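Enquirer: This is final.cif (mmCIF, C-alpha atoms).
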data_work
#
loop_
_atom_site.label_atom_id
_atom_site.label_comp_id
_atom_site.auth_asym_id
_atom_site.auth_seq_id
_atom_site.Cartn_x
_atom_site.Cartn_y
_atom_site.Cartn_z
CA MET A 1 30.59 -18.69 2.33
CA LEU A 2 28.09 -16.22 3.75
CA PRO A 3 28.26 -15.42 7.49
CA PHE A 4 24.48 -16.04 7.80
CA PRO A 5 22.08 -18.69 6.55
CA THR A 6 20.61 -18.34 3.07
CA ILE A 7 16.89 -17.53 2.99
CA VAL A 8 14.91 -19.83 0.73
CA ILE A 9 11.43 -18.50 0.02
CA GLU A 10 9.42 -21.53 -1.01
CA LYS A 11 5.93 -21.61 -2.42
CA THR A 12 4.53 -22.68 0.95
CA VAL A 13 6.17 -19.62 2.56
CA LEU A 14 4.40 -17.40 0.04
CA THR A 15 1.10 -19.13 0.88
CA VAL A 16 1.65 -18.66 4.63
CA LEU A 17 2.59 -15.00 4.04
CA LEU A 18 -0.60 -14.44 2.07
CA GLY A 19 -2.67 -16.13 4.79
CA VAL A 20 -1.09 -14.12 7.62
CA ALA A 21 -1.46 -10.87 5.63
CA LEU A 22 -5.12 -11.59 4.95
CA VAL A 23 -5.89 -12.34 8.61
CA LEU A 24 -4.01 -9.25 9.89
CA PHE A 25 -5.64 -7.09 7.25
CA ALA A 26 -9.11 -8.35 8.17
CA VAL A 27 -8.49 -7.67 11.89
CA MET A 28 -7.19 -4.14 11.21
CA THR A 29 -10.13 -3.41 8.90
CA ILE A 30 -12.61 -4.42 11.61
CA ILE A 31 -10.79 -2.16 14.11
CA PHE A 32 -10.76 0.80 11.69
CA ARG A 33 -14.44 0.35 10.86
CA TYR A 34 -15.30 0.28 14.58
CA HIS A 35 -13.35 3.48 15.28
CA TRP A 36 -14.61 5.35 12.25
CA ASN A 37 -18.23 4.42 12.94
CA ARG A 38 -18.06 5.17 16.66
CA TYR A 39 -15.94 8.32 16.73
CA GLY A 40 -16.41 9.76 13.22
CA PHE A 41 -17.50 13.27 14.15
CA SER A 42 -17.86 14.90 10.74
CA GLU A 43 -19.42 12.17 8.70
CA PRO A 44 -18.48 13.27 5.12
CA VAL A 45 -14.70 13.06 5.63
CA VAL A 46 -14.88 9.74 7.48
CA ALA A 47 -17.28 8.37 4.85
CA LYS A 48 -14.82 9.38 2.10
CA MET A 49 -11.95 7.73 3.96
CA ARG A 50 -14.04 4.59 4.43
CA LYS A 51 -14.66 4.43 0.67
CA LEU A 52 -11.02 5.16 -0.21
CA TYR A 53 -9.79 2.55 2.26
CA GLY A 54 -12.12 -0.08 0.81
CA LEU A 55 -11.19 0.77 -2.78
CA VAL A 56 -7.40 0.81 -2.33
CA SER A 57 -7.50 -2.28 -0.11
CA ALA A 58 -9.50 -4.20 -2.70
CA LEU A 59 -7.04 -3.15 -5.41
CA LEU A 60 -3.97 -4.18 -3.40
CA LEU A 61 -5.55 -7.44 -2.24
CA GLY A 62 -6.50 -8.23 -5.85
CA LEU A 63 -2.95 -7.52 -7.03
CA ALA A 64 -1.47 -9.64 -4.22
CA LEU A 65 -3.77 -12.53 -5.10
CA ILE A 66 -3.04 -12.31 -8.85
CA PHE A 67 0.74 -12.15 -8.32
CA TYR A 68 0.55 -15.01 -5.81
CA LEU A 69 -1.29 -17.23 -8.28
CA LEU A 70 1.09 -16.27 -11.10
CA SER A 71 4.19 -16.89 -8.98
CA VAL A 72 3.00 -20.27 -7.70
CA PHE A 73 1.32 -21.66 -10.81
CA ALA A 74 3.24 -19.94 -13.63
CA LEU A 75 5.43 -22.25 -15.66
CA MET T 1 -19.99 14.77 17.98
CA PRO T 2 -18.50 14.75 21.48
CA PRO T 3 -21.00 14.43 24.36
CA LEU T 4 -22.40 17.93 24.96
CA GLU T 5 -24.27 19.43 27.90
CA GLU T 6 -27.72 20.95 27.60
CA SER T 7 -27.66 24.21 25.57
CA GLU T 8 -23.97 23.69 24.83
CA ARG T 9 -22.92 24.24 21.23
CA ILE T 10 -19.63 23.88 19.36
CA LEU T 11 -18.15 27.24 18.32
CA TYR T 12 -14.77 26.20 16.97
CA THR T 13 -13.17 22.90 15.93
CA THR T 14 -9.49 22.41 15.21
CA ARG T 15 -7.23 19.52 14.34
CA LYS T 16 -3.53 18.99 13.87
CA HIS T 17 -1.91 20.64 10.86
CA TRP T 18 -1.72 18.55 7.67
CA PHE T 19 2.06 18.85 7.85
CA VAL T 20 2.07 16.42 10.80
CA LEU T 21 0.43 13.77 8.60
CA ALA T 22 2.52 14.69 5.54
CA GLY T 23 5.75 13.85 7.37
CA GLU T 24 4.48 10.33 8.05
CA ILE T 25 3.16 9.93 4.49
CA ILE T 26 6.58 10.81 3.03
CA VAL T 27 8.21 7.97 5.02
CA LEU T 28 5.51 5.54 3.81
CA LEU T 29 5.96 6.67 0.18
CA PHE T 30 9.71 6.19 0.41
CA LEU T 31 9.22 2.63 1.73
CA ALA T 32 6.60 1.97 -0.97
CA VAL T 33 8.86 2.88 -3.89
CA LEU T 34 12.03 1.29 -2.47
CA PRO T 35 11.39 -2.24 -3.88
CA SER T 36 10.66 -0.78 -7.32
CA VAL T 37 14.26 0.46 -7.50
CA LEU T 38 15.47 -3.14 -7.01
CA LEU T 39 13.06 -4.38 -9.63
CA PHE T 40 13.10 -1.74 -12.35
CA ALA T 41 16.32 0.19 -11.81
CA PRO T 42 18.86 -2.22 -10.31
CA TYR T 43 21.71 -0.09 -11.73
CA LEU T 44 20.91 2.48 -9.02
CA VAL T 45 21.68 -0.06 -6.29
CA PRO T 46 25.34 -0.68 -5.33
CA ALA T 47 26.65 -3.93 -6.88
CA GLU T 48 27.60 -5.39 -3.45
CA ILE T 49 24.00 -5.19 -2.27
CA LEU T 50 22.72 -6.89 -5.44
CA VAL T 51 25.29 -9.72 -5.08
CA PHE T 52 24.40 -10.07 -1.40
CA LEU T 53 20.67 -10.32 -2.21
CA LYS T 54 21.25 -12.83 -5.03
CA GLU T 55 23.33 -15.06 -2.79
CA SER T 56 21.26 -14.83 0.36
CA VAL T 57 17.67 -14.93 -0.90
CA HIS T 58 16.37 -17.72 -3.13
CA LEU T 59 12.86 -17.47 -4.45
CA GLN T 60 11.10 -20.58 -5.72
CA GLY T 61 8.56 -20.21 -8.50
CA ASN T 62 8.49 -17.35 -10.96
CA PHE T 63 10.99 -14.74 -9.70
CA LEU T 64 9.33 -11.64 -11.12
CA PHE T 65 5.84 -12.56 -9.91
CA SER T 66 7.13 -13.64 -6.50
CA VAL T 67 8.81 -10.25 -6.06
CA LEU T 68 5.68 -8.47 -7.27
CA PHE T 69 3.62 -10.51 -4.81
CA LEU T 70 5.90 -9.59 -1.89
CA TRP T 71 5.83 -5.97 -3.01
CA SER T 72 2.01 -5.91 -3.11
CA LEU T 73 1.95 -7.35 0.42
CA GLU T 74 4.33 -4.60 1.51
CA LEU T 75 2.07 -1.99 -0.10
CA LEU T 76 -0.93 -3.47 1.70
CA THR T 77 0.93 -3.25 5.03
CA LEU T 78 1.93 0.37 4.31
CA TRP T 79 -1.68 1.16 3.40
CA VAL T 80 -2.85 -0.17 6.77
CA PHE T 81 -0.20 2.02 8.44
CA PHE T 82 -1.48 5.00 6.46
CA ALA T 83 -5.01 4.35 7.75
CA LEU T 84 -3.59 4.11 11.27
CA PHE T 85 -1.72 7.44 10.94
CA TRP T 86 -4.78 9.10 9.39
CA THR T 87 -7.00 7.90 12.25
CA ASP T 88 -4.46 9.21 14.74
CA TYR T 89 -4.34 12.55 12.91
CA TYR T 90 -8.03 13.04 12.23
CA PHE T 91 -9.33 11.93 15.61
CA ASP T 92 -7.01 14.23 17.59
CA VAL T 93 -9.31 17.21 17.89
CA TRP T 94 -10.11 20.19 20.11
CA PHE T 95 -13.63 21.61 20.35
CA VAL T 96 -14.27 25.05 21.81
CA THR T 97 -17.88 25.26 22.97
CA ASN T 98 -19.76 28.11 24.66
CA PHE T 99 -19.01 26.46 28.07
CA ARG T 100 -15.75 24.56 27.84
CA VAL T 101 -12.90 23.17 25.77
CA ILE T 102 -13.03 19.47 24.90
CA ALA T 103 -9.67 17.93 24.00
CA ILE T 104 -9.66 14.50 22.39
CA ASP T 105 -6.35 12.73 22.12
CA GLN T 106 -6.18 9.60 19.98
CA LYS T 107 -3.02 7.54 20.47
CA GLY T 108 -3.03 4.59 18.11
CA MET T 109 -6.15 2.45 18.02
CA PHE T 110 -6.78 1.52 21.61
CA ASN T 111 -5.73 4.60 23.55
CA ARG T 112 -8.14 7.51 23.47
CA SER T 113 -8.50 10.19 26.12
CA ILE T 114 -11.12 12.90 26.35
CA SER T 115 -10.37 15.86 28.63
CA ALA T 116 -12.54 18.89 29.17
CA PHE T 117 -12.04 22.10 31.09
CA ARG T 118 -14.49 24.91 31.64
CA LEU T 119 -13.70 28.24 30.02
CA ASP T 120 -14.09 30.16 33.30
CA MET T 121 -11.29 27.99 34.75
CA VAL T 122 -8.79 29.13 32.11
CA GLN T 123 -5.98 31.21 33.58
CA ASP T 124 -3.65 31.53 30.65
CA ALA T 125 -3.20 30.32 27.08
CA THR T 126 0.11 30.40 25.25
CA VAL T 127 1.21 29.55 21.72
CA ASP T 128 4.58 28.09 20.85
CA VAL T 129 5.55 28.16 17.16
CA PRO T 130 8.80 26.23 16.78
CA GLY T 131 10.89 27.68 13.94
CA ILE T 132 10.62 29.13 10.45
CA LEU T 133 8.73 26.24 8.82
CA ALA T 134 6.08 26.25 11.55
CA THR T 135 5.72 30.04 11.18
CA LEU T 136 5.42 29.85 7.38
CA ILE T 137 2.86 27.07 7.17
CA GLY T 138 1.14 27.90 10.44
CA PHE T 139 1.30 25.23 13.09
CA GLY T 140 2.40 25.13 16.70
CA THR T 141 1.64 24.08 20.24
CA VAL T 142 -1.17 25.61 22.28
CA ARG T 143 -0.88 25.37 26.07
CA VAL T 144 -3.77 26.19 28.33
CA GLN T 145 -3.26 26.63 32.06
CA THR T 146 -6.31 26.20 34.26
CA ALA T 147 -7.09 27.44 37.77
CA SER T 148 -6.80 23.89 39.08
CA ASP T 149 -3.08 23.95 38.11
CA GLU T 150 -3.68 21.57 35.25
CA SER T 151 -2.08 22.20 31.89
CA PHE T 152 -3.51 21.10 28.56
CA LYS T 153 -1.31 20.89 25.49
CA PHE T 154 -2.20 20.54 21.80
CA ARG T 155 0.92 19.78 19.76
CA GLY T 156 1.04 20.47 16.00
CA ALA T 157 -2.20 22.43 16.08
CA LYS T 158 -3.41 24.08 12.86
CA ALA T 159 -3.67 27.90 13.20
CA PRO T 160 -2.62 27.89 16.88
CA ASN T 161 -3.13 31.65 17.30
CA ALA T 162 -6.75 31.41 16.13
CA LEU T 163 -7.37 28.61 18.65
CA LYS T 164 -5.80 30.60 21.47
CA GLU T 165 -7.75 33.73 20.52
CA LYS T 166 -11.02 31.81 20.40
CA ILE T 167 -10.37 30.27 23.85
CA MET T 168 -9.48 33.66 25.36
CA GLU T 169 -12.42 35.39 23.64
CA GLU T 170 -14.87 32.87 25.08
CA HIS T 171 -13.12 33.02 28.46
CA HIS T 172 -13.55 36.82 28.56
CA ARG T 173 -17.18 36.51 27.46
CA ILE T 174 -17.94 34.11 30.30
CA GLN T 175 -16.05 36.28 32.83
CA GLY T 176 -18.06 39.29 31.63
CA GLU T 177 -21.35 37.42 32.00
CA LYS T 178 -20.36 36.35 35.54
CA GLN T 179 -19.53 39.91 36.54
CA GLU T 180 -22.83 41.17 35.13
CA VAL T 181 -24.69 38.61 37.21
CA SER T 182 -22.81 39.55 40.40
CA ILE T 183 -23.32 43.34 39.85
CA LYS T 184 -27.00 43.08 38.92
CA PRO T 185 -29.11 43.16 42.16
CA SER T 186 -31.42 40.24 42.79
CA PRO T 187 -35.24 40.84 42.59
CA GLU T 188 -35.47 40.63 46.45
CA GLU T 189 -32.79 43.32 46.81
CA GLN T 190 -34.61 45.52 44.31
CA ILE T 191 -37.90 45.17 46.23
CA GLY T 192 -36.13 45.89 49.53
CA ARG T 193 -34.85 49.23 48.19
CA PHE T 194 -38.40 50.50 47.72
#
Kindly transcribe the structure held in the file into structure tokens.

Expert:
Amino acid sequence: MLPFPTIVIEKTVLTVLLGVALVLFAVMTIIFRYHWNRYGFSEPVVAKMRKLYGLVSALLLGLALIFYLLSVFAL
Amino acid sequence: MPPLEESERILYTTRKHWFVLAGEIIVLLFLAVLPSVLLFAPYLVPAEILVFLKESVHLQGNFLFSVLFLWSLELLTLWVFFALFWTDYYFDVWFVTNFRVIAIDQKGMFNRSISAFRLDMVQDATVDVPGILATLIGFGTVRVQTASDESFKFRGAKAPNALKEKIMEEHHRIQGEKQEVSIKPSPEEQIGRF
């Protein structure tokens, strides 16, 4: 017997995790955008970072969504 | 651009050395690849840890895709941390202008301080390069002591000697200009002589 409770990750837990991650990510993105727009002194570097952030975030969010759907609905 | 006075212009801009950011990136990369070891090279993980994970964590649904989903969420979290570290790194900046030094210190997202001191108030500037690595790749701490007994510090500055030299050069220029003005007689004094 294990000295601690077993963790069961159900499908609903995965859904809640995805929801929480999406909300936190959206909040952080708004904060970053605000900072970069307001205090971005040398525009080219901040503009590049803005693009890179958007691109990588979209990629990771897409992957998370695909794997979520596959894990929940795959036979 | 920081708020500038009339006829003030930026002469020198410096940020922290890339090494400061690289240290944080290495930690993030390590955390990013850690789950892949469990997934693709489980033979690298001690058997006790694998048994412990199998017994303690039960995933419902497709195991592989559930793990990949959790991993992509972890990567997303690490990516947000990277953006946070980058903002902290890039927005910590010192500007040397023809009148003063403007020091901007970004601490996280909600803590930002802007200090400025006039170049004629500078009493001393020192550079501290801590160790061989800092000497080789060129970073260190610049401390500036002002006449009002305040001390300004820029940790992990890129090319700290160049920053110090620029501050002292501008300080001497301003001191020289002040002396010239005090030596040069005023127009009334010049008229009085004749």

Enquirer: So how many Å separate atom CA of His35 of chain A and atom CA of Thr141 of chain T, to one decimal?

Expert: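 Those two atoms sit 26.0 Å apart.
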
Enquirer: Which residues match the PyMOL selection byres ((chain T and resi 169) around 12) in the file above, as a PyMOL selection string?

Expert: chain T and resi 11-12+96-99+119-120+122+124-125+161-168+170-176

Enquirer: Between A:Ala21, A:Leu70, A:Val13, A:Trp36, single out the one closest to Tyr53 of chain A, counting only C-alpha atoms.

Expert: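 Looking only at the distances to Tyr53 of chain A, the closest residue turns out to be A:Trp36.
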
Enquirer: Figure out the distance between atom CA of Phe19 of chain T and atom CA of Leu133 of chain T, please, to one decimal in Å.

Expert: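 Answer for the atom CA of Leu133 of chain T to atom CA of Phe19 of chain T separation: 10.0 Å.
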
Enquirer: With a distance threshold of 9 Å and counting all atoms listed in the file, extract the residues of chain T near chain A and express them as a VMD selection string.

Expert: chain T and resid 1 to 2 52 55 to 73 75 to 77 79 to 80 83 to 84 87 90 to 91 109

Enquirer: Quick one, how far is atom CA of Gln179 of chain T from atom CA of Thr146 of chain T?

Expert: 19.2 Å

Enquirer: For the structure provided, state which residues fall under the PyMOL selection byres ((chain T and resi 152) around 12), and present them as a PyMOL selection string.

Expert: chain T and resi 94+101-105+114-117+122-127+141-151+153-155

Enquirer: How would you write, as a PyMOL selection string, the residues chosen by the PyMOL selection byres ((chain T and resi 159) around 8) on this structure?

Expert: chain T and resi 17+138-140+157-158+160-163
